[in-house]
Amino acid sequence: MMDPITRRELLRRAALGGAAVSLPSLLAACGGDGIEGQETTTGEAAGTTTVSQELADQLVIANWTFYIDINEKTKKRPTLEQFKRDTGVSVRYIEEVNDNEEWFGKYQAQLKAGDDIGRDIVVLSDWMVARMIKLGYLQKKDKSAIPNEENLQDALKSPGWDPNRDYSLPWQSGLTGIAYNKKTIGKVTTMDQLLTDPKLKGKVTFLTEMPDTMGLLIAAQGGDPENVTDEAFDSAISALQDAVDSGQIRRFTGNDYVEDLASGNVWAAMAWSGDVAAGIDNPNIEFTVVDTGSHIWTDNMLIPNGGDVFTASTFMNYVYDPVKAAQIAAYIYYVTPVKGAEDQIAQFDETAVGNPLIFPTEEMLSKTFIFDADAADKAEYKEKFQAVIGA
Amino acid sequence: MNFFHRHRALVPYLLLLPGLAWLALFFVVPMYYLGYTSLQAGDLFSGYTFAWAWDNYSDAFTLYRGHFIRSLEYAGVATLAAFLISYPLAYWIAFRGGRWKNFLLLLVIAPFFVTYLIRTLAWKTILADQGFVVDALRTLHLVGEDGRLLATTTAVVAGITYNFLPFMALPLYVSLEQIDKRLIEAAQDLYASRVKAFLRVTFPLSLPGVFAGTLLTFIPAAGDFINAELLGTPRQLMIGNVIQSQFKEVANYPQAAALSFVLMAGIVIAVLLYARAVGSERVTAGTAA
């Protein structure tokens, strides 16, 4: 799909002329598996794929907040503007994902019924992708439209729940580690300190995302967070329960630990690298990966049933261009999954060059694990974890 | 001549129809589904199916009894606090407000122009560990050196009190404002002291406001989860937080539905008991006066 835009533009206009542009997606919406064969290709008949190879007018993307570049002055999103200029597809970008489960809960009924949820791409975390694949709520990508997928970091190429990356493509990754206030508490580098240091009593927050909190705890106790056993889980849970009961842990948080750290309510917190890299409003906050093991997680682009596969795949290809990936990374400061983005970042942001929170060193990566996706979605574990974090 | 003349008996029912339809659509139907869901069993992947799963209810009592009790306690204390703050306030506005009445009432509801979440977040700033309130209290040795207000039971109950205060103050104001001032004068003419006139005349006459205000405060407070979430720690979480996490995080919809039902039943029982107590008090007050 590296052909000049003009041909694509031609196809798009042809479709417009037939006033049939939204018909395929409407038909597809009627049945979850109605995509294949509904609309066979016109110009691409030689291809093996059976999905429509025409670009839709509009692409709808559901993503997390602050997760793409934006021009603060014009409030426009450069990458999306350029995508429109280059392909003619305008993007409706919806920042509606705050929490994997919350998003899932909102759309589950529709997805289950096979209805179109009006989104062509949604970005969700690893374990939720595993769930969505298992439930059959996703469509396969059109790989022929994503030659740039070869730029995907090797380490991310073959997760257990989608070994060939048929359904998913990483949007960004991030590290879960410890952020601490070097002025009030000095260096905090171990989970043990977070759980038991009396100086931190009531000054520590943990994360509500189970893979983060439990992963780091299991690793700290010498267990394997990539293959969680009941014993390892229970032992970590009891350590967490003790810290809750003693009043050591002040709260379990989402992104809101950032304010508590900045204001000094909290002196050390389990934290996500991107938040710290992008800057917390307090110069004393430092981020560290944990020696016993830090979590590297990935949020993935997915095509829910009813979404336009070809247009979505075209967008995936677009953001896997190292220059575009660098442009996004320079704004959001998470770990980009795109090879070559590091060489391009200087043109967008000099200070991002060599920032280990955006481009982690080999040494940092050697301390990371990917949390067991099955364990992350196991009802029994979730019940136990929720019971400890207070609900 | 027309339909309504010929079927006069139907008119009251026709007038009731919009209200009944509303209730049926937005109360009875959701309640039915909630009850239906609460008796389902299964899991997210194989799906939940109806199975008369009463264990969702027994779990609600055994696993989450502490959260229920805590919710009722917090809501009760907050309601009482809101009452103690609002009553003098409403009394003063009703009897001494004069031409400032409307302006003062506007001030009471002014916080409601800001969304609930933002109001509660503001308390995080006010009560912050390094904030001026805690600093001042520390200087006065009212809290210990490493003492804090945020993330304590006090903060949660104070947050609930603050957030629901207008629901208490407004009904109180309405009932106090309607009192015929001549009744109080009459009591004083008959040698009742000011205190006695208040206790025997003013307060009993304001009971409908007290009743409405406590219900309007207590019921939403018992199901609240925002204050506990933002101003508390895991040890302050209320039943609303459990329902939220069962629904949202664990995706155990039947358990969440059963908990909602138990909460509803608990509130209904508490309200009925309260209505009885207040109702009888009103009767005795009336006969004694």
# chains A, B, ... in the order shown; residues from 1 in each chain; ligands from 1

$ interface_residues --of "chain A" --to "chain B" --cutoff "8 Å" --atoms "only C-alpha atoms" --output "tab-separated table (two decimals) with C-alpha atoms, in the first residue's frame"
chain	number	residue	atom	x	y	z
A	101	GLU	CA	-12.76	-2.47	32.21
A	102	GLU	CA	-14.81	0.67	32.10
A	105	GLY	CA	-18.38	-2.46	30.24
A	135	LEU	CA	-14.71	-13.36	22.93
A	244	VAL	CA	-3.21	-1.83	53.71
A	245	ASP	CA	-4.11	-2.92	57.24
A	249	ILE	CA	-0.70	2.38	51.74
A	250	ARG	CA	-2.65	5.57	51.49
A	251	ARG	CA	-4.63	4.90	48.34
A	252	PHE	CA	-4.84	2.86	45.18
A	263	SER	CA	1.57	18.32	46.01
A	264	GLY	CA	3.64	16.33	48.51
A	265	ASN	CA	0.74	14.31	49.92
A	379	ALA	CA	-11.98	-13.75	37.97
A	382	LYS	CA	-9.49	-10.06	40.34
A	383	GLU	CA	-11.90	-10.73	43.22
A	386	GLN	CA	-10.33	-5.95	44.58
A	388	VAL	CA	-7.64	-6.00	49.24
A	389	ILE	CA	-7.67	-2.65	47.51
A	390	GLY	CA	-10.81	-2.08	49.46
A	391	ALA	CA	-13.80	-3.17	47.50

$ residues_around --residues "stretch 36-39 of chain B" --least-positions-apart "5" --cutoff "9 Å" --atoms "only C-alpha atoms" --output "VMD selection string"
chain B and resid 31 48 to 57 253 to 261

$ write_last_selection --atoms "N, CA and C atoms" --output "mmCIF file, in the first residue's frame"
data_model
loop_
_atom_site.group_PDB
_atom_site.id
_atom_site.type_symbol
_atom_site.label_atom_id
_atom_site.label_comp_id
_atom_site.auth_asym_id
_atom_site.auth_seq_id
_atom_site.Cartn_x
_atom_site.Cartn_y
_atom_site.Cartn_z
ATOM 1 N N MET B 31 -35.675 -2.230 37.565
ATOM 2 C CA MET B 31 -35.662 -3.032 38.786
ATOM 3 C C MET B 31 -35.818 -4.513 38.463
ATOM 4 N N TYR B 48 -23.355 -15.016 31.719
ATOM 5 C CA TYR B 48 -24.139 -15.182 32.940
ATOM 6 C C TYR B 48 -25.529 -15.651 32.569
ATOM 7 N N THR B 49 -26.019 -16.690 33.261
ATOM 8 C CA THR B 49 -27.372 -17.178 32.977
ATOM 9 C C THR B 49 -28.173 -17.230 34.270
ATOM 10 N N PHE B 50 -29.482 -17.131 34.100
ATOM 11 C CA PHE B 50 -30.363 -17.103 35.251
ATOM 12 C C PHE B 50 -30.365 -18.464 35.941
ATOM 13 N N ALA B 51 -30.157 -18.461 37.273
ATOM 14 C CA ALA B 51 -30.011 -19.755 37.962
ATOM 15 C C ALA B 51 -30.519 -19.708 39.397
ATOM 16 N N TRP B 52 -31.375 -18.771 39.721
ATOM 17 C CA TRP B 52 -31.822 -18.629 41.120
ATOM 18 C C TRP B 52 -30.620 -18.646 42.064
ATOM 19 N N ALA B 53 -29.598 -17.929 41.741
ATOM 20 C CA ALA B 53 -28.339 -17.974 42.495
ATOM 21 C C ALA B 53 -28.430 -17.091 43.737
ATOM 22 N N TRP B 54 -29.070 -17.638 44.752
ATOM 23 C CA TRP B 54 -29.248 -16.851 45.982
ATOM 24 C C TRP B 54 -27.933 -16.600 46.704
ATOM 25 N N ASP B 55 -26.900 -17.375 46.333
ATOM 26 C CA ASP B 55 -25.628 -17.176 47.027
ATOM 27 C C ASP B 55 -25.046 -15.785 46.755
ATOM 28 N N ASN B 56 -25.506 -15.142 45.666
ATOM 29 C CA ASN B 56 -25.072 -13.753 45.469
ATOM 30 C C ASN B 56 -25.513 -12.898 46.660
ATOM 31 N N TYR B 57 -26.680 -13.224 47.180
ATOM 32 C CA TYR B 57 -27.199 -12.455 48.318
ATOM 33 C C TYR B 57 -26.500 -12.843 49.617
ATOM 34 N N TYR B 253 -21.373 -9.039 37.377
ATOM 35 C CA TYR B 253 -22.618 -8.256 37.353
ATOM 36 C C TYR B 253 -23.664 -8.771 38.342
ATOM 37 N N PRO B 254 -23.842 -10.108 38.451
ATOM 38 C CA PRO B 254 -24.850 -10.583 39.418
ATOM 39 C C PRO B 254 -24.544 -10.135 40.839
ATOM 40 N N GLN B 255 -23.268 -10.215 41.235
ATOM 41 C CA GLN B 255 -22.919 -9.807 42.593
ATOM 42 C C GLN B 255 -23.206 -8.314 42.794
ATOM 43 N N ALA B 256 -22.848 -7.511 41.801
ATOM 44 C CA ALA B 256 -23.098 -6.073 41.902
ATOM 45 C C ALA B 256 -24.595 -5.798 42.022
ATOM 46 N N ALA B 257 -25.400 -6.550 41.245
ATOM 47 C CA ALA B 257 -26.852 -6.343 41.279
ATOM 48 C C ALA B 257 -27.407 -6.737 42.644
ATOM 49 N N ALA B 258 -26.912 -7.877 43.183
ATOM 50 C CA ALA B 258 -27.400 -8.327 44.488
ATOM 51 C C ALA B 258 -27.044 -7.301 45.563
ATOM 52 N N LEU B 259 -25.821 -6.776 45.494
ATOM 53 C CA LEU B 259 -25.406 -5.768 46.475
ATOM 54 C C LEU B 259 -26.289 -4.527 46.386
ATOM 55 N N SER B 260 -26.629 -4.141 45.155
ATOM 56 C CA SER B 260 -27.494 -2.967 44.980
ATOM 57 C C SER B 260 -28.850 -3.206 45.631
ATOM 58 N N PHE B 261 -29.365 -4.424 45.455
ATOM 59 C CA PHE B 261 -30.659 -4.731 46.039
ATOM 60 C C PHE B 261 -30.609 -4.702 47.555
#

$ select_by_dssp --residues "stretch 12-222 of chain B" --states "alpha helix (DSSP H)" --output "JSON, numbers by chain"
{"B": [12, 13, 14, 15, 16, 17, 18, 19, 20, 21, 22, 23, 29, 30, 31, 32, 33, 34, 35, 36, 37, 38, 55, 56, 57, 58, 59, 60, 61, 62, 63, 64, 65, 66, 67, 68, 69, 70, 71, 72, 73, 74, 75, 76, 77, 78, 79, 80, 81, 82, 83, 84, 85, 86, 87, 88, 89, 90, 91, 92, 93, 94, 95, 96, 101, 102, 103, 104, 105, 106, 107, 108, 109, 116, 117, 118, 119, 120, 121, 122, 123, 124, 125, 126, 132, 133, 134, 135, 136, 137, 138, 139, 153, 154, 155, 156, 157, 158, 159, 160, 161, 162, 163, 164, 165, 166, 167, 168, 169, 170, 171, 172, 173, 174, 175, 176, 177, 181, 182, 183, 184, 185, 186, 187, 188, 189, 194, 195, 196, 197, 203, 204, 205, 206, 207, 208, 209, 210, 211, 212, 213, 214, 215, 216, 217, 218, 219, 220, 221, 222]}

$ atom_distance --atom1 "atom CA of B:Gly209" --atom2 "atom CA of B:Leu172"
4.4 Å

$ atom_distance --atom1 "atom CA of A:Ile121" --atom2 "atom CA of A:Ile303"
4.8 Å

$ residues_around --residues "A:Thr253" --least-positions-apart "2" --cutoff "8 Å" --atoms "only C-alpha atoms" --output "short mmCIF file (atom, residue, chain, number, x, y, z; two decimals) with N, CA and C atoms, in the first residue's frame"
data_model
loop_
_atom_site.label_atom_id
_atom_site.label_comp_id
_atom_site.auth_asym_id
_atom_site.auth_seq_id
_atom_site.Cartn_x
_atom_site.Cartn_y
_atom_site.Cartn_z
N THR A 205 1.30 5.38 47.50
CA THR A 205 0.14 4.90 46.74
C THR A 205 0.56 3.77 45.81
N PHE A 206 -0.37 2.85 45.59
CA PHE A 206 -0.19 1.76 44.63
C PHE A 206 -1.21 1.95 43.52
N LEU A 207 -1.07 1.14 42.45
CA LEU A 207 -1.95 1.31 41.30
C LEU A 207 -3.15 0.36 41.35
N THR A 208 -4.28 0.81 40.84
CA THR A 208 -5.47 -0.03 40.82
C THR A 208 -5.41 -1.08 39.72
N ARG A 251 -3.55 5.07 49.31
CA ARG A 251 -4.63 4.90 48.34
C ARG A 251 -4.16 4.00 47.20
N ASN A 255 -4.15 7.38 37.18
CA ASN A 255 -3.20 8.47 36.91
C ASN A 255 -3.15 9.53 38.00
N ASP A 256 -4.11 9.53 38.89
CA ASP A 256 -4.21 10.64 39.83
C ASP A 256 -3.11 10.65 40.91
N TYR A 257 -2.25 9.62 40.92
CA TYR A 257 -1.12 9.70 41.84
C TYR A 257 -0.22 10.88 41.50
#

$ atom_distance --atom1 "atom CA of B:Leu106" --atom2 "atom CA of B:Asn163"
15.5 Å
